Amino acid sequence: MKQIIYKFFMDHEKEEAWINEMSAEGLAFIGMFCGFYRFEYTLPGEYVYRIELLENIPKHFESRKYITFMLENNIEPISSYNRWVYFRRKTEYGNFDLYSDIDSRLAYYRRLYKTLNPVMIVEFLVSIPWIATFFAHLLAEPSEFWERNFFLSCLFLGLGFALLPLCRSLRKKIKFLKQEKLLRE
Amino acid sequence: MPESFDRGALTEAVFYILLSLHKPMHGYAIMQNIERLTNGRVALGAGTLYGAINALVLKEWITTVAESGNSRKKDYIITETGKAMYQAELERLRELLQNDENARRANK
């Protein structure tokens with residue numbers, strides 16, 4: 001038995017929290033395509049999910065070694081797109097975290113930031129010409145494409161703003177961990 | 001003289017992994033063993049364990065064991081180099097405790 005729910009996420013932490021909420025209610029995530037999330041019915045809380053950004057795509061031999069290691073630890077890669085992998089493990093095997101000490105968490109947050117921050121910047125930069133042409137339409141020449149320009153500028157601005165809180169929180173976490181490193185291992 | 005990294009502290013995760021691998025063990029068993037020994041205080045993340053094991057294999061402090069029965073899970077075991085590093089760490093920890101005791105006696 002399956003269920004499909006449509007949801008749009010830019011923030012993978014919120015996405016992971018939502019998938020775990022669904023799992024706690026007995027809907028276990030099994031795959032996603034273009035925002036359509038597929039679930040199977042299970043016992044409530046049967047699985048815990050973690051979403052990870054790999055250094056390379058899953059087909060890369062380094063990723064495959066990592067995924068093999070996860071499988072040996074009863075962690076199943078249930079779905080993936082691009083470098084993002086959705087891992088899950090049955091809760092009976094205990095608590096499931098990806099990174100637990102300062103060094104590995106710092107390395108992972110840096111990896112996330114290095115990927116997401118440029119994307120956010122590009123989204124803001126790309127919105128600028130559309131905004132400029134939209135204002136040109138408002139202030140000077142009426143343009144027959146003004147609706148399209150307005151829509152596109154809103155779209156890219158929106159995408160940029162959607163990533164902003166996540167990038168900010170990553171920067172804060174990185175700064176915090178760097179300070180912690182001065183005190184502990 | 002080049003900088004020496006050999007006399008620094010091992011991380012807690014590495015210490016407990018080396019402790020666990022005095023017997024052949026696979027990843028999940030290492031995680032569970034460490035959690036049991038520390039009463040849940042040290043719960044290693046899967047990614048953290050992967051990084052640590054890879055680094056230890058590269059430095060030849062641990063090595064893989066040819067598994068006989070369960071071919072799905074790879075077992076690891078500590079090497080002679082690993083044992084030496086582990087002993088050096090125990091010495092460092094004893095020194096810490098000894099210095100604390102000396103300081104307390106001196107402050108009485």
# chains A, B, ... in the order shown; residues from 1 in each chain; ligands from 1
$ interface_residues --of "chain B" --to "chain A" --cutoff "9 Å" --atoms "only C-alpha atoms" --output "list of chain:residue names"
B:Ala9, B:Leu10, B:Thr11, B:Glu12, B:Ala13, B:His26, B:Gly27, B:Tyr28, B:Ala29, B:Gln32, B:Val42, B:Ala43, B:Leu44, B:Gly45, B:Ala46, B:Gly47, B:Thr48, B:Leu49, B:Tyr50, B:Gly51, B:Arg72, B:Lys73, B:Lys74
$ write_last_selection --atoms "N, CA and C atoms" --output "PDB file, in the first residue's frame"
ATOM      1  N   ALA B   9      46.884  14.094  21.829  1.00  0.00           N
ATOM      2  CA  ALA B   9      45.848  13.212  22.334  1.00  0.00           C
ATOM      3  C   ALA B   9      45.087  12.560  21.188  1.00  0.00           C
ATOM      4  N   LEU B  10      44.634  11.356  21.410  1.00  0.00           N
ATOM      5  CA  LEU B  10      43.727  10.725  20.456  1.00  0.00           C
ATOM      6  C   LEU B  10      42.320  11.230  20.772  1.00  0.00           C
ATOM      7  N   THR B  11      41.442  11.259  19.776  1.00  0.00           N
ATOM      8  CA  THR B  11      40.063  11.630  20.102  1.00  0.00           C
ATOM      9  C   THR B  11      39.425  10.477  20.864  1.00  0.00           C
ATOM     10  N   GLU B  12      38.344  10.795  21.559  1.00  0.00           N
ATOM     11  CA  GLU B  12      37.650   9.770  22.339  1.00  0.00           C
ATOM     12  C   GLU B  12      37.126   8.662  21.432  1.00  0.00           C
ATOM     13  N   ALA B  13      36.632   9.053  20.276  1.00  0.00           N
ATOM     14  CA  ALA B  13      36.102   8.063  19.341  1.00  0.00           C
ATOM     15  C   ALA B  13      37.199   7.080  18.938  1.00  0.00           C
ATOM     16  N   HIS B  26      32.976  -5.835  13.648  1.00  0.00           N
ATOM     17  CA  HIS B  26      32.537  -5.033  12.511  1.00  0.00           C
ATOM     18  C   HIS B  26      31.900  -3.741  13.017  1.00  0.00           C
ATOM     19  N   GLY B  27      31.637  -2.835  12.064  1.00  0.00           N
ATOM     20  CA  GLY B  27      31.238  -1.466  12.385  1.00  0.00           C
ATOM     21  C   GLY B  27      30.120  -1.331  13.404  1.00  0.00           C
ATOM     22  N   TYR B  28      29.002  -2.032  13.159  1.00  0.00           N
ATOM     23  CA  TYR B  28      27.849  -1.880  14.032  1.00  0.00           C
ATOM     24  C   TYR B  28      28.162  -2.362  15.444  1.00  0.00           C
ATOM     25  N   ALA B  29      28.932  -3.471  15.537  1.00  0.00           N
ATOM     26  CA  ALA B  29      29.299  -4.000  16.850  1.00  0.00           C
ATOM     27  C   ALA B  29      30.198  -3.015  17.594  1.00  0.00           C
ATOM     28  N   GLN B  32      27.968  -0.320  19.020  1.00  0.00           N
ATOM     29  CA  GLN B  32      27.208  -0.803  20.175  1.00  0.00           C
ATOM     30  C   GLN B  32      28.108  -0.984  21.388  1.00  0.00           C
ATOM     31  N   VAL B  42      28.870   8.116  24.731  1.00  0.00           N
ATOM     32  CA  VAL B  42      29.495   8.244  23.412  1.00  0.00           C
ATOM     33  C   VAL B  42      28.711   7.403  22.410  1.00  0.00           C
ATOM     34  N   ALA B  43      27.899   8.088  21.603  1.00  0.00           N
ATOM     35  CA  ALA B  43      27.105   7.400  20.577  1.00  0.00           C
ATOM     36  C   ALA B  43      27.661   7.805  19.226  1.00  0.00           C
ATOM     37  N   LEU B  44      28.518   6.973  18.644  1.00  0.00           N
ATOM     38  CA  LEU B  44      29.192   7.331  17.399  1.00  0.00           C
ATOM     39  C   LEU B  44      28.229   7.408  16.226  1.00  0.00           C
ATOM     40  N   GLY B  45      28.363   8.497  15.462  1.00  0.00           N
ATOM     41  CA  GLY B  45      27.586   8.598  14.233  1.00  0.00           C
ATOM     42  C   GLY B  45      28.191   7.688  13.174  1.00  0.00           C
ATOM     43  N   ALA B  46      27.338   7.227  12.243  1.00  0.00           N
ATOM     44  CA  ALA B  46      27.808   6.299  11.209  1.00  0.00           C
ATOM     45  C   ALA B  46      28.880   6.941  10.334  1.00  0.00           C
ATOM     46  N   GLY B  47      28.664   8.202   9.992  1.00  0.00           N
ATOM     47  CA  GLY B  47      29.638   8.906   9.150  1.00  0.00           C
ATOM     48  C   GLY B  47      30.950   9.144   9.884  1.00  0.00           C
ATOM     49  N   THR B  48      30.830   9.468  11.178  1.00  0.00           N
ATOM     50  CA  THR B  48      32.023   9.668  12.011  1.00  0.00           C
ATOM     51  C   THR B  48      32.820   8.376  12.076  1.00  0.00           C
ATOM     52  N   LEU B  49      32.133   7.253  12.326  1.00  0.00           N
ATOM     53  CA  LEU B  49      32.800   5.954  12.418  1.00  0.00           C
ATOM     54  C   LEU B  49      33.497   5.614  11.108  1.00  0.00           C
ATOM     55  N   TYR B  50      32.824   5.874   9.998  1.00  0.00           N
ATOM     56  CA  TYR B  50      33.400   5.592   8.681  1.00  0.00           C
ATOM     57  C   TYR B  50      34.703   6.356   8.482  1.00  0.00           C
ATOM     58  N   GLY B  51      34.679   7.656   8.785  1.00  0.00           N
ATOM     59  CA  GLY B  51      35.877   8.484   8.630  1.00  0.00           C
ATOM     60  C   GLY B  51      37.007   7.991   9.518  1.00  0.00           C
ATOM     61  N   ARG B  72      28.677 -10.378   4.694  1.00  0.00           N
ATOM     62  CA  ARG B  72      28.114  -9.052   4.488  1.00  0.00           C
ATOM     63  C   ARG B  72      28.855  -7.992   5.275  1.00  0.00           C
ATOM     64  N   LYS B  73      29.417  -8.396   6.432  1.00  0.00           N
ATOM     65  CA  LYS B  73      30.015  -7.387   7.292  1.00  0.00           C
ATOM     66  C   LYS B  73      31.520  -7.575   7.365  1.00  0.00           C
ATOM     67  N   LYS B  74      32.250  -6.451   7.200  1.00  0.00           N
ATOM     68  CA  LYS B  74      33.706  -6.480   7.233  1.00  0.00           C
ATOM     69  C   LYS B  74      34.167  -6.346   8.670  1.00  0.00           C
TER      70      LYS B  74
END
$ residues_around --residues "Thr64 (chain B)" --least-positions-apart "5" --cutoff "12 Å" --atoms "only C-alpha atoms" --output "PyMOL selection string"
chain B and resi 21+23-27+53-54+56-58+73-79
$ write_last_selection --atoms "all heavy atoms" --output "compact mmCIF listing (two decimals), in the first residue's frame"
# COMPACT_ATOMS: atom_id res chain seq x y z
N LEU B 21 38.73 -2.83 19.19
CA LEU B 21 39.30 -3.71 18.16
C LEU B 21 40.46 -4.57 18.63
O LEU B 21 41.20 -5.13 17.81
CB LEU B 21 39.70 -2.89 16.93
CG LEU B 21 38.50 -2.35 16.16
CD1 LEU B 21 38.94 -1.54 14.96
CD2 LEU B 21 37.58 -3.47 15.69
N LYS B 23 39.68 -7.11 19.78
CA LYS B 23 39.03 -8.33 19.27
C LYS B 23 38.49 -7.99 17.90
O LYS B 23 38.08 -6.85 17.68
CB LYS B 23 37.83 -8.68 20.16
CG LYS B 23 38.14 -9.43 21.40
CD LYS B 23 36.90 -10.01 22.07
CE LYS B 23 35.68 -9.13 22.04
NZ LYS B 23 34.69 -9.51 23.05
N PRO B 24 38.40 -8.95 16.95
CA PRO B 24 37.83 -8.60 15.64
C PRO B 24 36.36 -8.19 15.79
O PRO B 24 35.61 -8.81 16.51
CB PRO B 24 37.92 -9.91 14.85
CG PRO B 24 38.71 -10.84 15.64
CD PRO B 24 38.78 -10.36 17.04
N MET B 25 36.02 -7.11 15.12
CA MET B 25 34.66 -6.58 15.24
C MET B 25 34.27 -5.85 13.97
O MET B 25 35.12 -5.23 13.33
CB MET B 25 34.62 -5.58 16.41
CG MET B 25 33.55 -5.87 17.43
SD MET B 25 33.54 -4.62 18.70
CE MET B 25 34.13 -5.52 20.08
N HIS B 26 32.98 -5.83 13.65
CA HIS B 26 32.54 -5.03 12.51
C HIS B 26 31.90 -3.74 13.02
O HIS B 26 31.67 -3.59 14.21
CB HIS B 26 31.57 -5.82 11.62
CG HIS B 26 30.32 -6.27 12.33
ND1 HIS B 26 30.18 -7.52 12.87
CD2 HIS B 26 29.16 -5.62 12.58
CE1 HIS B 26 29.00 -7.63 13.43
NE2 HIS B 26 28.35 -6.50 13.26
N GLY B 27 31.64 -2.83 12.06
CA GLY B 27 31.24 -1.47 12.38
C GLY B 27 30.12 -1.33 13.40
O GLY B 27 30.24 -0.61 14.40
N ILE B 53 37.47 4.97 10.89
CA ILE B 53 37.97 3.66 10.46
C ILE B 53 38.87 3.79 9.23
O ILE B 53 39.94 3.19 9.16
CB ILE B 53 36.80 2.68 10.20
CG1 ILE B 53 36.21 2.23 11.53
CG2 ILE B 53 37.25 1.49 9.38
CD1 ILE B 53 35.13 1.18 11.42
N ASN B 54 38.44 4.60 8.28
CA ASN B 54 39.28 4.81 7.08
C ASN B 54 40.63 5.39 7.44
O ASN B 54 41.67 4.96 6.92
CB ASN B 54 38.58 5.75 6.10
CG ASN B 54 37.64 5.00 5.20
OD1 ASN B 54 37.63 3.78 5.16
ND2 ASN B 54 36.83 5.73 4.47
N LEU B 56 42.17 5.20 10.30
CA LEU B 56 42.95 4.21 11.05
C LEU B 56 43.52 3.13 10.14
O LEU B 56 44.65 2.67 10.34
CB LEU B 56 42.08 3.56 12.14
CG LEU B 56 41.74 4.48 13.32
CD1 LEU B 56 40.65 3.86 14.19
CD2 LEU B 56 42.97 4.77 14.16
N VAL B 57 42.75 2.73 9.13
CA VAL B 57 43.25 1.73 8.17
C VAL B 57 44.40 2.33 7.35
O VAL B 57 45.42 1.68 7.13
CB VAL B 57 42.11 1.25 7.23
CG1 VAL B 57 42.67 0.51 6.04
CG2 VAL B 57 41.14 0.38 7.98
N LEU B 58 44.26 3.60 6.97
CA LEU B 58 45.31 4.28 6.20
C LEU B 58 46.61 4.38 6.98
O LEU B 58 47.70 4.20 6.43
CB LEU B 58 44.81 5.70 5.86
CG LEU B 58 45.19 6.24 4.48
CD1 LEU B 58 44.42 5.45 3.42
CD2 LEU B 58 44.81 7.70 4.38
N LYS B 73 29.42 -8.40 6.43
CA LYS B 73 30.02 -7.39 7.29
C LYS B 73 31.52 -7.58 7.36
O LYS B 73 32.02 -8.66 7.62
CB LYS B 73 29.40 -7.47 8.69
CG LYS B 73 27.91 -7.23 8.62
CD LYS B 73 27.26 -7.08 9.98
CE LYS B 73 25.78 -6.83 9.74
NZ LYS B 73 25.07 -6.36 10.86
N LYS B 74 32.25 -6.45 7.20
CA LYS B 74 33.71 -6.48 7.23
C LYS B 74 34.17 -6.35 8.67
O LYS B 74 33.76 -5.42 9.37
CB LYS B 74 34.24 -5.32 6.39
CG LYS B 74 35.56 -5.60 5.73
CD LYS B 74 36.11 -4.35 5.09
CE LYS B 74 35.39 -4.03 3.79
NZ LYS B 74 36.04 -2.89 3.10
N ASP B 75 35.05 -7.24 9.13
CA ASP B 75 35.62 -7.16 10.48
C ASP B 75 36.93 -6.41 10.44
O ASP B 75 37.69 -6.50 9.47
CB ASP B 75 35.86 -8.57 11.03
CG ASP B 75 34.60 -9.14 11.67
OD1 ASP B 75 33.52 -8.54 11.48
OD2 ASP B 75 34.70 -10.16 12.36
N TYR B 76 37.22 -5.71 11.56
CA TYR B 76 38.51 -5.02 11.68
C TYR B 76 39.21 -5.53 12.92
O TYR B 76 38.57 -6.05 13.84
CB TYR B 76 38.31 -3.51 11.80
CG TYR B 76 37.63 -2.90 10.60
CD1 TYR B 76 36.24 -2.79 10.55
CD2 TYR B 76 38.38 -2.43 9.51
CE1 TYR B 76 35.62 -2.25 9.44
CE2 TYR B 76 37.75 -1.88 8.41
CZ TYR B 76 36.38 -1.79 8.38
OH TYR B 76 35.74 -1.25 7.29
N ILE B 77 40.54 -5.37 12.98
CA ILE B 77 41.32 -5.74 14.17
C ILE B 77 42.49 -4.77 14.30
O ILE B 77 43.00 -4.25 13.30
CB ILE B 77 41.81 -7.21 14.09
CG1 ILE B 77 42.46 -7.61 15.40
CG2 ILE B 77 42.80 -7.39 12.94
CD1 ILE B 77 41.72 -8.58 16.19
N ILE B 78 42.92 -4.54 15.55
CA ILE B 78 44.03 -3.61 15.79
C ILE B 78 45.34 -4.25 15.34
O ILE B 78 45.50 -5.46 15.40
CB ILE B 78 44.06 -3.23 17.31
CG1 ILE B 78 44.95 -2.00 17.53
CG2 ILE B 78 44.48 -4.41 18.18
CD1 ILE B 78 44.82 -1.42 18.92
N THR B 79 46.28 -3.43 14.86
CA THR B 79 47.59 -3.92 14.43
C THR B 79 48.59 -3.67 15.55
O THR B 79 48.26 -3.06 16.57
CB THR B 79 48.08 -3.16 13.19
OG1 THR B 79 48.15 -1.77 13.54
CG2 THR B 79 47.14 -3.34 12.02
$ select_by_dssp --residues "chain A" --states "helix (DSSP H, G or I)" --output "PyMOL selection string"
chain A and resi 12-24+61-72+91-93+102-139+146-183
$ closest_residue --among "A:Ala140, A:Ile57, A:Ile121, A:Leu177" --to "Leu106 (chain A)" --atoms "only C-alpha atoms"
A:Leu177
$ residues_around --residues "Pro129 (chain A)" --least-positions-apart "3" --cutoff "12 Å" --atoms "only C-alpha atoms" --output "list in words"
Glu123, Phe124, Leu125, Val126, Ala132, Thr133, Phe134, Phe135, Ala136, Asn149, Phe150, Leu152, Ser153, Cys154, Phe156 and Leu157 of chain A
$ residues_around --residues "Arg111 (chain A)" --least-positions-apart "5" --cutoff "12 Å" --atoms "only C-alpha atoms" --output "list in words"
Glu52, Leu53, Leu54, Glu55, Asn56, Arg83, Ser104, Arg105, Leu106, Leu116, Asn117, Pro118, Cys167, Leu170, Arg171 and Ile174 of chain A
$ write_last_selection --atoms "N, CA, C and O atoms" --output "mmCIF file, in the first residue's frame"
data_model
loop_
_atom_site.group_PDB
_atom_site.id
_atom_site.type_symbol
_atom_site.label_atom_id
_atom_site.label_comp_id
_atom_site.auth_asym_id
_atom_site.auth_seq_id
_atom_site.Cartn_x
_atom_site.Cartn_y
_atom_site.Cartn_z
ATOM 1 N N GLU A 52 21.659 13.024 3.672
ATOM 2 C CA GLU A 52 23.051 13.443 3.623
ATOM 3 C C GLU A 52 23.458 13.922 2.240
ATOM 4 O O GLU A 52 23.049 13.345 1.229
ATOM 5 N N LEU A 53 24.284 14.984 2.236
ATOM 6 C CA LEU A 53 24.888 15.436 0.982
ATOM 7 C C LEU A 53 26.237 14.755 0.862
ATOM 8 O O LEU A 53 27.141 15.001 1.661
ATOM 9 N N LEU A 54 26.378 13.867 -0.112
ATOM 10 C CA LEU A 54 27.653 13.168 -0.277
ATOM 11 C C LEU A 54 28.667 14.086 -0.954
ATOM 12 O O LEU A 54 28.309 15.070 -1.583
ATOM 13 N N GLU A 55 29.956 13.698 -0.840
ATOM 14 C CA GLU A 55 30.991 14.497 -1.513
ATOM 15 C C GLU A 55 30.928 14.302 -3.019
ATOM 16 O O GLU A 55 31.296 15.176 -3.792
ATOM 17 N N ASN A 56 30.504 13.092 -3.407
ATOM 18 C CA ASN A 56 30.402 12.782 -4.837
ATOM 19 C C ASN A 56 29.061 12.131 -5.102
ATOM 20 O O ASN A 56 28.379 11.721 -4.182
ATOM 21 N N ARG A 83 23.612 14.565 -5.412
ATOM 22 C CA ARG A 83 24.501 14.055 -4.359
ATOM 23 C C ARG A 83 23.777 13.828 -3.040
ATOM 24 O O ARG A 83 24.382 13.468 -2.043
ATOM 25 N N SER A 104 34.150 15.724 12.605
ATOM 26 C CA SER A 104 33.379 15.218 11.462
ATOM 27 C C SER A 104 32.160 16.095 11.203
ATOM 28 O O SER A 104 31.769 16.297 10.053
ATOM 29 N N ARG A 105 31.565 16.641 12.279
ATOM 30 C CA ARG A 105 30.425 17.530 12.050
ATOM 31 C C ARG A 105 30.873 18.808 11.347
ATOM 32 O O ARG A 105 30.205 19.297 10.437
ATOM 33 N N LEU A 106 32.010 19.338 11.758
ATOM 34 C CA LEU A 106 32.541 20.552 11.140
ATOM 35 C C LEU A 106 32.791 20.305 9.653
ATOM 36 O O LEU A 106 32.411 21.108 8.797
ATOM 37 N N LEU A 116 25.720 24.867 -0.771
ATOM 38 C CA LEU A 116 24.474 25.631 -0.746
ATOM 39 C C LEU A 116 24.678 27.138 -0.851
ATOM 40 O O LEU A 116 23.867 27.836 -1.459
ATOM 41 N N ASN A 117 25.761 27.654 -0.270
ATOM 42 C CA ASN A 117 25.962 29.096 -0.290
ATOM 43 C C ASN A 117 26.115 29.655 -1.712
ATOM 44 O O ASN A 117 25.460 30.641 -2.055
ATOM 45 N N PRO A 118 26.956 29.039 -2.567
ATOM 46 C CA PRO A 118 27.048 29.535 -3.941
ATOM 47 C C PRO A 118 25.709 29.467 -4.683
ATOM 48 O O PRO A 118 25.394 30.349 -5.476
ATOM 49 N N CYS A 167 21.628 28.769 5.131
ATOM 50 C CA CYS A 167 23.033 29.175 5.018
ATOM 51 C C CYS A 167 23.475 29.928 6.261
ATOM 52 O O CYS A 167 24.592 29.751 6.754
ATOM 53 N N LEU A 170 23.978 27.430 9.041
ATOM 54 C CA LEU A 170 25.203 26.660 8.825
ATOM 55 C C LEU A 170 26.419 27.475 9.242
ATOM 56 O O LEU A 170 27.330 26.970 9.900
ATOM 57 N N ARG A 171 26.426 28.769 8.865
ATOM 58 C CA ARG A 171 27.561 29.633 9.237
ATOM 59 C C ARG A 171 27.704 29.699 10.752
ATOM 60 O O ARG A 171 28.801 29.628 11.288
ATOM 61 N N ILE A 174 29.054 26.395 12.116
ATOM 62 C CA ILE A 174 30.475 26.250 11.813
ATOM 63 C C ILE A 174 31.286 27.105 12.781
ATOM 64 O O ILE A 174 32.297 26.663 13.339
#
$ atom_distance --atom1 "CA of Phe29 (chain A)" --atom2 "CA of Met10 (chain A)"
17.7 Å
$ atom_distance --atom1 "CA of Asn107 (chain B)" --atom2 "CA of Ala88 (chain B)"
28.7 Å
$ closest_residue --among "A:Tyr37, A:Trp130, A:Phe61, A:Trp146" --to "Phe9 (chain A)" --atoms "only C-alpha atoms"
A:Tyr37
$ atom_distance --atom1 "CA of Ile62 (chain B)" --atom2 "CA of Leu182 (chain A)"
28.2 Å
$ residues_around --residues "Glu46 (chain A)" --least-positions-apart "6" --cutoff "8 Å" --atoms "only C-alpha atoms" --output "list of chain:residue names"
A:Ser23, A:Ala24, A:Gly26, A:Ala28, A:Lys90, A:Thr91, A:Glu92
$ closest_residue --among "B:Asn39, B:Trp61, B:Arg104, B:Ala66" --to "Ala84 (chain B)" --atoms "only C-alpha atoms"
B:Trp61
$ select_by_dssp --residues "region 1-123 of chain A" --states "strand (DSSP E or B)" --output "PyMOL selection string"
chain A and resi 2-6+27-33+36-41+47-53+76-81+84-90
$ write_last_selection --atoms "N, CA and C atoms" --output "mmCIF file, in the first residue's frame"
data_model
loop_
_atom_site.group_PDB
_atom_site.id
_atom_site.type_symbol
_atom_site.label_atom_id
_atom_site.label_comp_id
_atom_site.auth_asym_id
_atom_site.auth_seq_id
_atom_site.Cartn_x
_atom_site.Cartn_y
_atom_site.Cartn_z
ATOM 1 N N LYS A 2 0.583 2.202 -0.864
ATOM 2 C CA LYS A 2 1.441 3.368 -0.951
ATOM 3 C C LYS A 2 0.641 4.668 -0.886
ATOM 4 N N GLN A 3 1.316 5.724 -0.495
ATOM 5 C CA GLN A 3 0.671 7.029 -0.529
ATOM 6 C C GLN A 3 1.644 8.044 -1.127
ATOM 7 N N ILE A 4 1.114 8.998 -1.884
ATOM 8 C CA ILE A 4 1.961 10.029 -2.491
ATOM 9 C C ILE A 4 1.526 11.397 -1.977
ATOM 10 N N ILE A 5 2.518 12.154 -1.517
ATOM 11 C CA ILE A 5 2.229 13.510 -1.015
ATOM 12 C C ILE A 5 3.146 14.490 -1.726
ATOM 13 N N TYR A 6 2.609 15.606 -2.158
ATOM 14 C CA TYR A 6 3.446 16.623 -2.794
ATOM 15 C C TYR A 6 3.857 17.674 -1.770
ATOM 16 N N LEU A 27 4.014 6.280 8.236
ATOM 17 C CA LEU A 27 4.214 6.421 6.796
ATOM 18 C C LEU A 27 5.715 6.499 6.534
ATOM 19 N N ALA A 28 6.283 5.426 5.969
ATOM 20 C CA ALA A 28 7.725 5.375 5.766
ATOM 21 C C ALA A 28 8.074 5.814 4.350
ATOM 22 N N PHE A 29 8.950 6.797 4.252
ATOM 23 C CA PHE A 29 9.359 7.360 2.966
ATOM 24 C C PHE A 29 10.121 6.313 2.144
ATOM 25 N N ILE A 30 9.769 6.192 0.853
ATOM 26 C CA ILE A 30 10.509 5.254 0.007
ATOM 27 C C ILE A 30 11.067 5.884 -1.262
ATOM 28 N N GLY A 31 10.649 7.099 -1.590
ATOM 29 C CA GLY A 31 11.229 7.714 -2.781
ATOM 30 C C GLY A 31 10.619 9.074 -3.062
ATOM 31 N N MET A 32 11.357 9.883 -3.850
ATOM 32 C CA MET A 32 10.854 11.226 -4.167
ATOM 33 C C MET A 32 11.244 11.584 -5.590
ATOM 34 N N PHE A 33 10.332 12.229 -6.306
ATOM 35 C CA PHE A 33 10.670 12.735 -7.633
ATOM 36 C C PHE A 33 9.934 14.040 -7.861
ATOM 37 N N PHE A 36 7.259 14.987 -5.404
ATOM 38 C CA PHE A 36 6.243 13.985 -5.073
ATOM 39 C C PHE A 36 6.898 12.906 -4.212
ATOM 40 N N TYR A 37 6.481 12.862 -2.937
ATOM 41 C CA TYR A 37 7.067 11.926 -1.979
ATOM 42 C C TYR A 37 6.206 10.682 -1.900
ATOM 43 N N ARG A 38 6.855 9.510 -2.043
ATOM 44 C CA ARG A 38 6.130 8.238 -1.957
ATOM 45 C C ARG A 38 6.365 7.610 -0.591
ATOM 46 N N PHE A 39 5.302 7.101 0.002
ATOM 47 C CA PHE A 39 5.389 6.473 1.320
ATOM 48 C C PHE A 39 4.765 5.092 1.285
ATOM 49 N N GLU A 40 5.280 4.200 2.157
ATOM 50 C CA GLU A 40 4.612 2.917 2.361
ATOM 51 C C GLU A 40 4.110 2.892 3.808
ATOM 52 N N TYR A 41 3.078 2.057 4.023
ATOM 53 C CA TYR A 41 2.522 1.977 5.384
ATOM 54 C C TYR A 41 3.353 1.018 6.216
ATOM 55 N N TYR A 47 11.008 3.427 11.360
ATOM 56 C CA TYR A 47 12.266 3.864 10.756
ATOM 57 C C TYR A 47 12.667 5.263 11.205
ATOM 58 N N VAL A 48 14.011 5.493 11.259
ATOM 59 C CA VAL A 48 14.549 6.843 11.411
ATOM 60 C C VAL A 48 15.244 7.197 10.106
ATOM 61 N N TYR A 49 15.088 8.440 9.673
ATOM 62 C CA TYR A 49 15.669 8.868 8.406
ATOM 63 C C TYR A 49 16.705 9.959 8.608
ATOM 64 N N ARG A 50 17.737 9.926 7.770
ATOM 65 C CA ARG A 50 18.706 11.012 7.740
ATOM 66 C C ARG A 50 18.971 11.322 6.270
ATOM 67 N N ILE A 51 19.084 12.627 5.970
ATOM 68 C CA ILE A 51 19.408 13.022 4.600
ATOM 69 C C ILE A 51 20.846 13.519 4.594
ATOM 70 N N GLU A 52 21.659 13.024 3.672
ATOM 71 C CA GLU A 52 23.051 13.443 3.623
ATOM 72 C C GLU A 52 23.458 13.922 2.240
ATOM 73 N N LEU A 53 24.284 14.984 2.236
ATOM 74 C CA LEU A 53 24.888 15.436 0.982
ATOM 75 C C LEU A 53 26.237 14.755 0.862
ATOM 76 N N GLU A 76 20.052 1.771 5.352
ATOM 77 C CA GLU A 76 19.650 1.526 3.966
ATOM 78 C C GLU A 76 19.558 2.839 3.195
ATOM 79 N N PRO A 77 20.238 2.938 2.039
ATOM 80 C CA PRO A 77 20.018 4.127 1.217
ATOM 81 C C PRO A 77 18.728 3.940 0.425
ATOM 82 N N ILE A 78 17.652 4.586 0.837
ATOM 83 C CA ILE A 78 16.340 4.284 0.277
ATOM 84 C C ILE A 78 16.066 5.063 -1.012
ATOM 85 N N SER A 79 16.696 6.244 -1.144
ATOM 86 C CA SER A 79 16.464 7.060 -2.334
ATOM 87 C C SER A 79 17.610 8.047 -2.490
ATOM 88 N N SER A 80 17.757 8.591 -3.683
ATOM 89 C CA SER A 80 18.780 9.618 -3.857
ATOM 90 C C SER A 80 18.458 10.479 -5.076
ATOM 91 N N TYR A 81 18.936 11.713 -5.090
ATOM 92 C CA TYR A 81 18.965 12.491 -6.328
ATOM 93 C C TYR A 81 20.168 13.410 -6.248
ATOM 94 N N TRP A 84 22.476 14.051 -3.045
ATOM 95 C CA TRP A 84 21.684 13.847 -1.829
ATOM 96 C C TRP A 84 21.233 12.397 -1.725
ATOM 97 N N VAL A 85 21.467 11.808 -0.520
ATOM 98 C CA VAL A 85 20.999 10.443 -0.293
ATOM 99 C C VAL A 85 20.091 10.431 0.927
ATOM 100 N N TYR A 86 18.989 9.680 0.812
ATOM 101 C CA TYR A 86 18.087 9.494 1.943
ATOM 102 C C TYR A 86 18.427 8.146 2.564
ATOM 103 N N PHE A 87 18.931 8.191 3.817
ATOM 104 C CA PHE A 87 19.249 6.949 4.517
ATOM 105 C C PHE A 87 18.153 6.661 5.524
ATOM 106 N N ARG A 88 17.920 5.360 5.790
ATOM 107 C CA ARG A 88 17.009 5.042 6.873
ATOM 108 C C ARG A 88 17.510 3.807 7.607
ATOM 109 N N ARG A 89 17.120 3.729 8.872
ATOM 110 C CA ARG A 89 17.456 2.541 9.652
ATOM 111 C C ARG A 89 16.292 2.252 10.580
ATOM 112 N N LYS A 90 16.095 0.969 10.836
ATOM 113 C CA LYS A 90 15.017 0.584 11.756
ATOM 114 C C LYS A 90 15.388 1.071 13.154
#
$ closest_residue --among "A:Ile128, A:Lys173, A:Leu166, A:Leu139" --to "Asp11 (chain A)" --atoms "only C-alpha atoms"
A:Leu166
